[in-house]
Amino acid sequence: MTANKKQLLQKIICLALALVLAAIAGVSFYDQRHYKETVVVSDALTEVRWLSDYVPMLKGTYGDTPIFVFDSGVEGGSVLYCGGTHPYEPATSLSAFILMENIQVEKGVVYVIPQCSYSATTLGVQGNAYPSYYTIETEWGEQKYKIGERNTNPLDQWPDNFTYINYPSGQSQAYNDLRNLNRCYPGRLDGTFTERVAYAIMEFIRTENIDMSIDCHEASIMYPVVGTYVAHDDAMDIAMMAAMDLSATSFDMKIEQSPKSLKGFTHREWGDYSDTLAILMETPEPFIDRIVGPITEDLMMTGKDLFLSYAGDKGLTYVKYTEENDYSWPMNIRVGRHLSGAAKAVYYMNMFFPEKEVIATWPSYEELVEKDCGAFLHDPAAANPDQVYKF
């Protein structure tokens with residue numbers, strides 16, 4: 001074989017390998033973009049709305065996302081529970097799913113948006129070899145859920161500007177925060193894709209006159225605000241009482257007042273641009289700490305990491321990460337903290353504002369610790385088809 005023929009064969013082999021790798025990657029990207037998560041809602045569901053009901057231009061886009069309504073029919077207050085603002089913090093959406101599958105409401109109305117940044121669920125975290133999914137074991141089998149990205153999918157908003165100026169404050173922020181939903185509030189109709197999603201959530205809160213809005217997040221355990229309520233000025237008394245109560249009875253919970261100088265956040269803008277009592281919650285998620293070893297599904301589910309344990313033993317983490325808690329922050333603990341954290345905030349809203357009373361029940365921290373997440377998920381195959389939703 002001549003040298004030219006050898007070179008041609010090598011080029012053909014390299015091209016074939018490149019096409020195979022591109023095909024494999026393409027299948028993965030397509031699956032992440034189109035995979036639908038499944039939830040079996042409780043019989044307390046009364047209605048499903050969409051963000052596009054409040055901002056019609058979102059209809060048919062990956063910014064549109066469902067809003068599940070659980071209305072008791074008894075006059076009272078209203079609560080919004082939000083998961084998936086940052087879908088690489090998946091205990092937030094899983095807590096919303098578990099709430100939706102088990103909720104009962106006796107007074108007032110509870111709204112749930114399990115995937116606030118739906119576009120970000122359609123993209124895996126880029127560059128860090130993150131897994132795309134995690135699974136929950138149940139008595140009837142496995143249920144698979146997505147691990148999304150922090151920011152809006154570039155397929156929906158691109159390119160990133162060199163700078164990001166928050167509207168209307170004019171505050172300069174990191175350039176890629178232009179695709180970060182929790183930096184884009186209060187949003188605007190004529191803004192970017194992410195700003196329009198933020199505006200739609202604000203329009204929903206204003207139109208429905210939501211009394212309390214709770215935004216669920218997870219944070220690395222080397223981040224100072226982990227394991228914390230961050231509350232708007234108007235909700236500080238509620239969050240402070242809830243944090244003290246939880247710390248005395250269930251688990252340690254800190255409290256921070258929303259900084260007035262930080263713009264674009266739910267805990268600031270929801271309260272400034274509507275009458276809602278705005279609270280953000282952070283649970284510990286070792287999966288997103290920077291010093292961990294292999295970033296695997298097991299790390300997501302157990303929160304166990306050898307490298308991080310060294311930091312925990314040196315007191316370098318902002319929540320306990322020692323032998324005392326088995327060097328772990330597992331999924332059921334994180335989900336349970338969200339659910340009891342929200343329930344306690346609602347309890348103290350009722351105490352401070354009886355006219356806004358909401359009486360609702362869903363699984364607690366103690367129940368999640370005892371039974372794990374799978375015990376609260378229902379088999380879609382055995383459920384009433386009218387109660388099964390895929391999105």
# chains A, B, ... in the order shown; residues from 1 in each chain; ligands from 1
call {"tool": "residues_around", "arguments": {"residues": "Asn332 of chain A", "least_positions_apart": "5", "cutoff": "6 Å", "atoms": "only C-alpha atoms", "output": "list in words"}}
result
Leu368, Asp372 and Cys373 of chain A
call {"tool": "atom_distance", "arguments": {"atom1": "atom CA of Tyr389 of chain A", "atom2": "atom CA of Val41 of chain A"}}
result
7.6 Å
call {"tool": "residues_around", "arguments": {"residues": "Ser169 of chain A", "least_positions_apart": "3", "cutoff": "10 Å", "atoms": "only C-alpha atoms", "output": "MDAnalysis selection string"}}
result
chainID A and resid 165:166 172 186 261:264
call {"tool": "write_last_selection", "arguments": {"atoms": "all heavy atoms", "output": "PDB file, in the first residue's frame"}}
result
ATOM      1  N   ILE A 165     -26.228  42.870  32.598  1.00  0.00           N
ATOM      2  CA  ILE A 165     -26.733  43.971  33.403  1.00  0.00           C
ATOM      3  C   ILE A 165     -28.162  43.623  33.817  1.00  0.00           C
ATOM      4  O   ILE A 165     -29.051  43.510  32.971  1.00  0.00           O
ATOM      5  CB  ILE A 165     -26.726  45.305  32.631  1.00  0.00           C
ATOM      6  CG1 ILE A 165     -25.334  45.584  32.039  1.00  0.00           C
ATOM      7  CG2 ILE A 165     -27.177  46.443  33.539  1.00  0.00           C
ATOM      8  CD1 ILE A 165     -24.243  45.729  33.063  1.00  0.00           C
ATOM      9  N   ASN A 166     -28.373  43.435  35.123  1.00  0.00           N
ATOM     10  CA  ASN A 166     -29.705  43.089  35.612  1.00  0.00           C
ATOM     11  C   ASN A 166     -30.677  44.235  35.357  1.00  0.00           C
ATOM     12  O   ASN A 166     -30.356  45.400  35.567  1.00  0.00           O
ATOM     13  CB  ASN A 166     -29.648  42.767  37.106  1.00  0.00           C
ATOM     14  CG  ASN A 166     -31.019  42.562  37.712  1.00  0.00           C
ATOM     15  OD1 ASN A 166     -31.595  43.481  38.296  1.00  0.00           O
ATOM     16  ND2 ASN A 166     -31.548  41.361  37.583  1.00  0.00           N
ATOM     17  N   SER A 172     -24.277  45.190  37.443  1.00  0.00           N
ATOM     18  CA  SER A 172     -23.460  44.291  36.628  1.00  0.00           C
ATOM     19  C   SER A 172     -23.267  42.971  37.358  1.00  0.00           C
ATOM     20  O   SER A 172     -22.961  42.956  38.561  1.00  0.00           O
ATOM     21  CB  SER A 172     -22.094  44.915  36.339  1.00  0.00           C
ATOM     22  OG  SER A 172     -22.239  46.094  35.585  1.00  0.00           O
ATOM     23  N   PRO A 186     -36.698  40.965  38.320  1.00  0.00           N
ATOM     24  CA  PRO A 186     -38.103  40.599  38.088  1.00  0.00           C
ATOM     25  C   PRO A 186     -38.428  40.238  36.640  1.00  0.00           C
ATOM     26  O   PRO A 186     -39.573  39.942  36.327  1.00  0.00           O
ATOM     27  CB  PRO A 186     -38.836  41.879  38.500  1.00  0.00           C
ATOM     28  CG  PRO A 186     -37.895  42.977  38.148  1.00  0.00           C
ATOM     29  CD  PRO A 186     -36.532  42.435  38.464  1.00  0.00           C
ATOM     30  N   SER A 261     -28.673  44.771  48.449  1.00  0.00           N
ATOM     31  CA  SER A 261     -27.748  45.156  47.382  1.00  0.00           C
ATOM     32  C   SER A 261     -27.592  44.083  46.309  1.00  0.00           C
ATOM     33  O   SER A 261     -26.998  44.334  45.262  1.00  0.00           O
ATOM     34  CB  SER A 261     -26.372  45.472  47.977  1.00  0.00           C
ATOM     35  OG  SER A 261     -25.846  44.340  48.644  1.00  0.00           O
ATOM     36  N   LEU A 262     -28.097  42.852  46.560  1.00  0.00           N
ATOM     37  CA  LEU A 262     -27.990  41.783  45.570  1.00  0.00           C
ATOM     38  C   LEU A 262     -29.279  41.712  44.768  1.00  0.00           C
ATOM     39  O   LEU A 262     -30.347  41.448  45.323  1.00  0.00           O
ATOM     40  CB  LEU A 262     -27.716  40.440  46.246  1.00  0.00           C
ATOM     41  CG  LEU A 262     -26.314  40.238  46.823  1.00  0.00           C
ATOM     42  CD1 LEU A 262     -26.189  38.846  47.422  1.00  0.00           C
ATOM     43  CD2 LEU A 262     -25.248  40.447  45.755  1.00  0.00           C
ATOM     44  N   LYS A 263     -29.177  41.905  43.483  1.00  0.00           N
ATOM     45  CA  LYS A 263     -30.359  41.999  42.625  1.00  0.00           C
ATOM     46  C   LYS A 263     -30.554  40.728  41.802  1.00  0.00           C
ATOM     47  O   LYS A 263     -29.610  39.997  41.511  1.00  0.00           O
ATOM     48  CB  LYS A 263     -30.249  43.215  41.702  1.00  0.00           C
ATOM     49  CG  LYS A 263     -30.102  44.534  42.438  1.00  0.00           C
ATOM     50  CD  LYS A 263     -31.277  44.800  43.368  1.00  0.00           C
ATOM     51  CE  LYS A 263     -31.150  46.151  44.061  1.00  0.00           C
ATOM     52  NZ  LYS A 263     -32.299  46.415  44.957  1.00  0.00           N
ATOM     53  N   GLY A 264     -31.795  40.494  41.434  1.00  0.00           N
ATOM     54  CA  GLY A 264     -32.123  39.388  40.535  1.00  0.00           C
ATOM     55  C   GLY A 264     -32.567  38.123  41.224  1.00  0.00           C
ATOM     56  O   GLY A 264     -33.027  37.189  40.560  1.00  0.00           O
TER      57      GLY A 264
END
call {"tool": "closest_residue", "arguments": {"among": "A:Tyr175, A:Tyr167, A:Tyr229, A:Tyr88", "to": "Asp190 of chain A", "atoms": "only C-alpha atoms"}}
result
A:Tyr167
call {"tool": "closest_residue", "arguments": {"among": "A:Ala200, A:Gln126, A:Lys11, A:Pro168", "to": "Met57 of chain A", "atoms": "only C-alpha atoms"}}
result
A:Ala200
call {"tool": "residues_around", "arguments": {"residues": "Ala129 of chain A", "least_positions_apart": "2", "cutoff": "9 Å", "atoms": "only C-alpha atoms", "output": "VMD selection string"}}
result
chain A and resid 124 to 127 131 294 to 296
